[in-house]
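Participant: Quick one: structure below, then a few questions.
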Number of protein chains: 2
Amino acid sequence: MENLKNFVKKFIGVDIGGMTIKGVIINHLGEVLSRNDIVTGAENGGDAMCSNIVTLINGMLSETGVLKSEIAGVGIGCPGLIDSKNGTVVFAGNLGLDYYPLAQKVSDKVGLPVKLTNDANAAALGEAKFGAGKKYTDSILVTLGTGVGGGIVIDGNLFEGGNSAGTEIGHTVIVADGVQCTCGRKGCFECYSSASALMRKTREEMKNNASSAMWNTYTPETVSGKTPFEYAETDETARGIVDWYVKYLACGITNLVNVFRPQVVMLGGGVSEQGEKLTEPVQKLVAREIFAGMSFAPVKVVKATLGSKAGAFGAAALFM
Amino acid sequence: MENLKNFVKKFIGVDIGGMTIKGVIINHLGEVLSRNDIVTGAENGGDAMCSNIVTLINGMLSETGVLKSEIAGVGIGCPGLIDSKNGTVVFAGNLGLDYYPLAQKVSDKVGLPVKLTNDANAAALGEAKFGAGKKYTDSILVTLGTGVGGGIVIDGNLFEGGNSAGTEIGHTVIVADGVQCTCGRKGCFECYSSASALMRKTREEMKNNASSAMWNTYTPETVSGKTPFEYAETDETARGIVDWYVKYLACGITNLVNVFRPQVVMLGGGVSEQGEKLTEPVQKLVAREIFAGMSFAPVKVVKATLGSKAGAFGAAALFM
């Protein structure tokens, strides 16, 4: 009966970014009925951002002719510390929000039920339901961007931690007394496995290795997360940087694997664009380091497939 | 209805140790109706150990006059890698068991349903239901013994990880390239926060500090996990060891807290006997390092209260 209901219902997903809010209307198969973006506008306050969300939703509804009665609900992924039970943005520094009752505000304006979760959690649910995790019940998304984010799906359900304040996987220390993290700790996973960390290391190594072939096309000022991968086959310095990066990434992933033992770990974010150049060596190290070996409960390391769509899809899936 | 059934039912818990198997019959409040021990006897094979479990159970039943029809089931906590869904001991090196169908074997002999979980998971469930965690829905038990073990309870339910092969919290790296661990990795939480690690550090520091007051009563050969705590107020070397230990313990705990955000972390095992000498400084560091501070979703660090009874109690609770 519940499944039948979901079969005919449609789902709205909203993914709030610093600059842009993405929206989708999808069906239970993840097929897109409508997609649109709008400026976030949080600099004008929470209510202004809220109005933009409502404009986005109403626009998608009128474009497609989907009726509100056909919509199961509106899921929203939002950066920051989220109280998902109460639909409140507890704290989102980038958006300037503080205990802002976002779900209720949007619900009042669009007349639909609204659920709220952290944006990284939403992306993890999106990948789990419709992306690289769709064949599995237990998955972890690790996004390698400015920081290391991600989320955890257990038995098909999003795990948000107690009070929906957990799954800060980037802020688990893998090098005690290591690199200073923005969170206040030292040696966090994110300080070694983010795209920013990879670029920091690349700059350092270029400065230390004047003969590196990376200097042919880059300066420390122009490097990106792609630079060391581009030169890894021909330049020893670049190869060393990739090995360094893979080692710490595999370390942080194995930590998660030894605790959650998912069937799959999906890599997202900018660095994951390297595909098998990244997933293969990480998979090898995880296989070597996983507790009690891979024979009983194996774990795959793969590239996430939904890219920047994952968040809005996963937000919509909050009502599935 | 389910609650009513549990109200009149009794629960058998069995905790398998290397030397001794502990058994209890408890009611839904955790009140003990019977308690007994028997030799493990795994050196004579799985079936011999199984017979001992059956003897233990039948002995407790006949001692109390409790009928099998009053028993909801038999829960067993067993060391090693456990397939709890199938009731199989996948691998338990200390017991010499390999894909041994323990739950089925015991069930066939006692004529009661049997559930199996890892012994550390059982202890975590025991503490959560009847010990230091009973006021909370989300808790983590961290046992500080020969290794670092423990388990995780989410929303009142035991979390075992995918294929019940997770929650190996002692085998998460907190010092990349650090001390060699028995699991094959380097720098595991267990290599810094177990009683063994504390004793290793104490021996090292005594050797490096010939004037330490610890030499008054101990040699590196006679130290225990209590030694540095005993001298911490009067001896600088001992104080330094305790600070070292607290720092790494808080690091590993904060990692778990940032992912699971439980309401309480319970410390068990030998080192936890230090009580507030341990929990207070650990609590302070966790409060300082926890993601986004303690105001929204605070976490308490406390001493576990059930001691060696936790495993059998938690095993019994598998049927609650």
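Chain labels A, B, ... are given in the sequence in which chains occur in the structure tokens; within each chain residues are numbered consecutively from 1, and ligands are likewise numbered from 1 in the order shown.
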So that I can see what lies close to Thr88 in chain B, please list as a list in words the residues with an atom at most 8 Å from it, counting only C-alpha atoms and leaving out residues fewer than 3 positions away in the same chain.

Facilitator: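 The neighbour list is Ile82, Asp83, Ser84, Lys85, Tyr99, Tyr100, Pro101, Leu102, Ala103 and Leu116 of chain B.
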
Participant: Can you check which residues of chain B have any atom within 7 Å of chain A? Use only C-alpha atoms and format it as number ranges by chain.

Facilitator: B: 138, 161-163, 165-169, 171-176, 183-185, 255, 258-262, 289, 291, 297

Participant: Quote the spacing between CA of Asn44 in chain A and CA of Ala312 in chain A in Å to one decimal place.

Facilitator: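 CA of Ala312 in chain A lies at a distance of 22.8 Å from CA of Asn44 in chain A.
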
Participant: CA of Leu267 in chain A and CA of Leu97 in chain A are how many Å apart?

Facilitator: 29.0 Å

Participant: Give me the residues near Pro228 in chain B as a list in words, where near means some atom within 9 Å (using only C-alpha atoms) and where sequence neighbours in that chain fewer than 2 positions away do not count.

Facilitator: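 My list of contacting residues is Leu198, Met199, Thr202, Met214, Val223, Ser224, Gly225, Lys226, Glu230, Tyr231, Ala232, Asp235, Thr237, Ala238, Arg239, Gly240, Ile241 and Val242 of chain B.
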
Participant: For those residues, write C-alpha atoms to a file as a short mmCIF file (atom, residue, chain, number, x, y, z; two decimals), in the first residue's frame.

Facilitator:
```cif
data_model
loop_
_atom_site.label_atom_id
_atom_site.label_comp_id
_atom_site.auth_asym_id
_atom_site.auth_seq_id
_atom_site.Cartn_x
_atom_site.Cartn_y
_atom_site.Cartn_z
CA LEU B 198 49.30 2.33 28.75
CA MET B 199 51.63 -0.26 30.28
CA THR B 202 54.71 3.41 31.39
CA MET B 214 57.23 5.06 40.20
CA VAL B 223 53.77 -2.09 36.18
CA SER B 224 50.05 -2.29 35.56
CA GLY B 225 47.53 0.10 34.04
CA LYS B 226 47.10 1.54 37.55
CA GLU B 230 48.71 5.99 41.32
CA TYR B 231 51.63 8.40 41.00
CA ALA B 232 50.09 11.07 38.79
CA ASP B 235 55.34 12.40 39.99
CA THR B 237 56.68 11.34 34.69
CA ALA B 238 53.52 9.57 35.82
CA ARG B 239 51.49 12.73 35.20
CA GLY B 240 52.92 12.90 31.68
CA ILE B 241 51.93 9.30 30.98
CA VAL B 242 48.36 9.90 32.14
#
```

Participant: Neighbouring residues of Gly65 in chain B were defined as those with any atom within 12 Å, considering only C-alpha atoms; residues of the same chain fewer than 6 positions away were excluded. Please report them as a ChimeraX atom specification.

Facilitator: /B:10,25,33-34,57-59,71

Participant: Any idea what the distance is between CA of Asn52 in chain B and CA of Ile21 in chain B?

Facilitator: 8.3 Å

Participant: When DSSP works through the backbone of this structure, what residues of range 66-256 of chain B end up as alpha helix (DSSP H), shown as a ChimeraX atom specification?

Facilitator: /B:102-110,119-130,190-193,195-208,227-231,236-256

Participant: Env of Ala304 in chain B: 8 Å cut, atoms = only C-alpha atoms, seq-sep filter 5 positions within chain, self excluded. Answer as a ChimeraX atom specification.

Facilitator: /B:127,131-132,141,266-268,272

Participant: I need the residues of range 136-237 of chain B that end up classed as strand (DSSP E or B) by DSSP on the backbone, written out as a list in words.

Facilitator: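 Assigned to strand (DSSP E or B), within range 136-237 of chain B: Ser139, Ile140, Leu141, Val142, Thr143, Leu144, Val148, Gly149, Gly150, Gly151, Ile152, Val153, Ile154, Asn157, Leu158, Phe159, Val173, Val175, Gln180, Lys186 and Cys188 of chain B.
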
Participant: Using only C-alpha atoms, which of B:Ala195, B:Val301, B:Val142, B:Val89 sits nearest Glu280 in chain B?

Facilitator: B:Val301

Participant: Applying 9 Å and only C-alpha atoms, which residues near Pro79 in chain B remain after dropping the ones on its own chain fewer than 5 positions away? List them as a short mmCIF file (atom, residue, chain, number, x, y, z; two decimals) with N, CA and C atoms, in the first residue's frame.

Facilitator:
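File produced: out.cif:
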```cif
data_model
loop_
_atom_site.label_atom_id
_atom_site.label_comp_id
_atom_site.auth_asym_id
_atom_site.auth_seq_id
_atom_site.Cartn_x
_atom_site.Cartn_y
_atom_site.Cartn_z
N ASP B 15 27.73 -15.48 27.84
CA ASP B 15 28.90 -14.70 27.41
C ASP B 15 30.12 -15.63 27.38
N ILE B 16 30.61 -15.90 26.18
CA ILE B 16 31.72 -16.84 26.02
C ILE B 16 33.05 -16.11 26.16
N GLY B 17 33.85 -16.49 27.13
CA GLY B 17 35.20 -15.97 27.27
C GLY B 17 36.21 -17.05 26.91
N GLY B 18 37.46 -16.69 26.87
CA GLY B 18 38.50 -17.66 26.51
C GLY B 18 38.57 -18.82 27.49
N VAL B 89 29.70 -18.45 13.97
CA VAL B 89 31.00 -17.89 14.31
C VAL B 89 31.86 -18.02 13.06
N PHE B 91 34.82 -16.63 12.41
CA PHE B 91 36.21 -16.89 12.79
C PHE B 91 36.44 -16.42 14.21
N ALA B 92 36.93 -17.31 15.05
CA ALA B 92 37.31 -16.93 16.41
C ALA B 92 38.61 -17.65 16.72
N GLY B 93 39.71 -16.95 16.48
CA GLY B 93 41.04 -17.54 16.62
C GLY B 93 41.28 -18.15 18.00
N ASN B 94 40.92 -17.39 19.05
CA ASN B 94 41.17 -17.87 20.42
C ASN B 94 40.39 -19.13 20.75
N LEU B 95 39.25 -19.31 20.09
CA LEU B 95 38.42 -20.48 20.37
C LEU B 95 38.65 -21.59 19.34
N THR B 117 25.78 -12.77 18.83
CA THR B 117 26.45 -11.53 18.42
C THR B 117 27.88 -11.56 18.94
N ASN B 118 28.67 -10.63 18.50
CA ASN B 118 30.03 -10.47 19.01
C ASN B 118 30.00 -10.09 20.49
N ASP B 119 30.96 -10.57 21.27
CA ASP B 119 30.93 -10.34 22.72
C ASP B 119 31.01 -8.86 23.11
N ALA B 120 31.77 -8.10 22.34
CA ALA B 120 31.87 -6.66 22.62
C ALA B 120 30.55 -5.96 22.33
#
```

Participant: Excluding Ile53 in chain A and residues on its chain fewer than 5 positions from it, collect all residues at most 8 Å away from it, counting only C-alpha atoms, and give them as a VMD selection string.

Facilitator: chain A and resid 14 21 38 106

Participant: Keeping C-alpha atoms, export the residues of the selection given above as a compact mmCIF listing (two decimals), in the first residue's frame.

Facilitator:
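In the end it all went to out10.txt:
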```txt
# COMPACT_ATOMS: atom_id res chain seq x y z
CA VAL A 14 15.92 20.97 -3.01
CA ILE A 21 19.66 26.36 -4.91
CA ILE A 38 17.62 29.73 -8.38
CA VAL A 106 8.79 26.41 3.51
```

Participant: Using only C-alpha atoms, find the one residue out of A:Gln283, A:Asn86, A:Ser193, A:Thr40 that sits nearest to Lys300 in chain A.

Facilitator: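 When distances to Lys300 in chain A are compared using only C-alpha atoms, the smallest one comes from A:Gln283.
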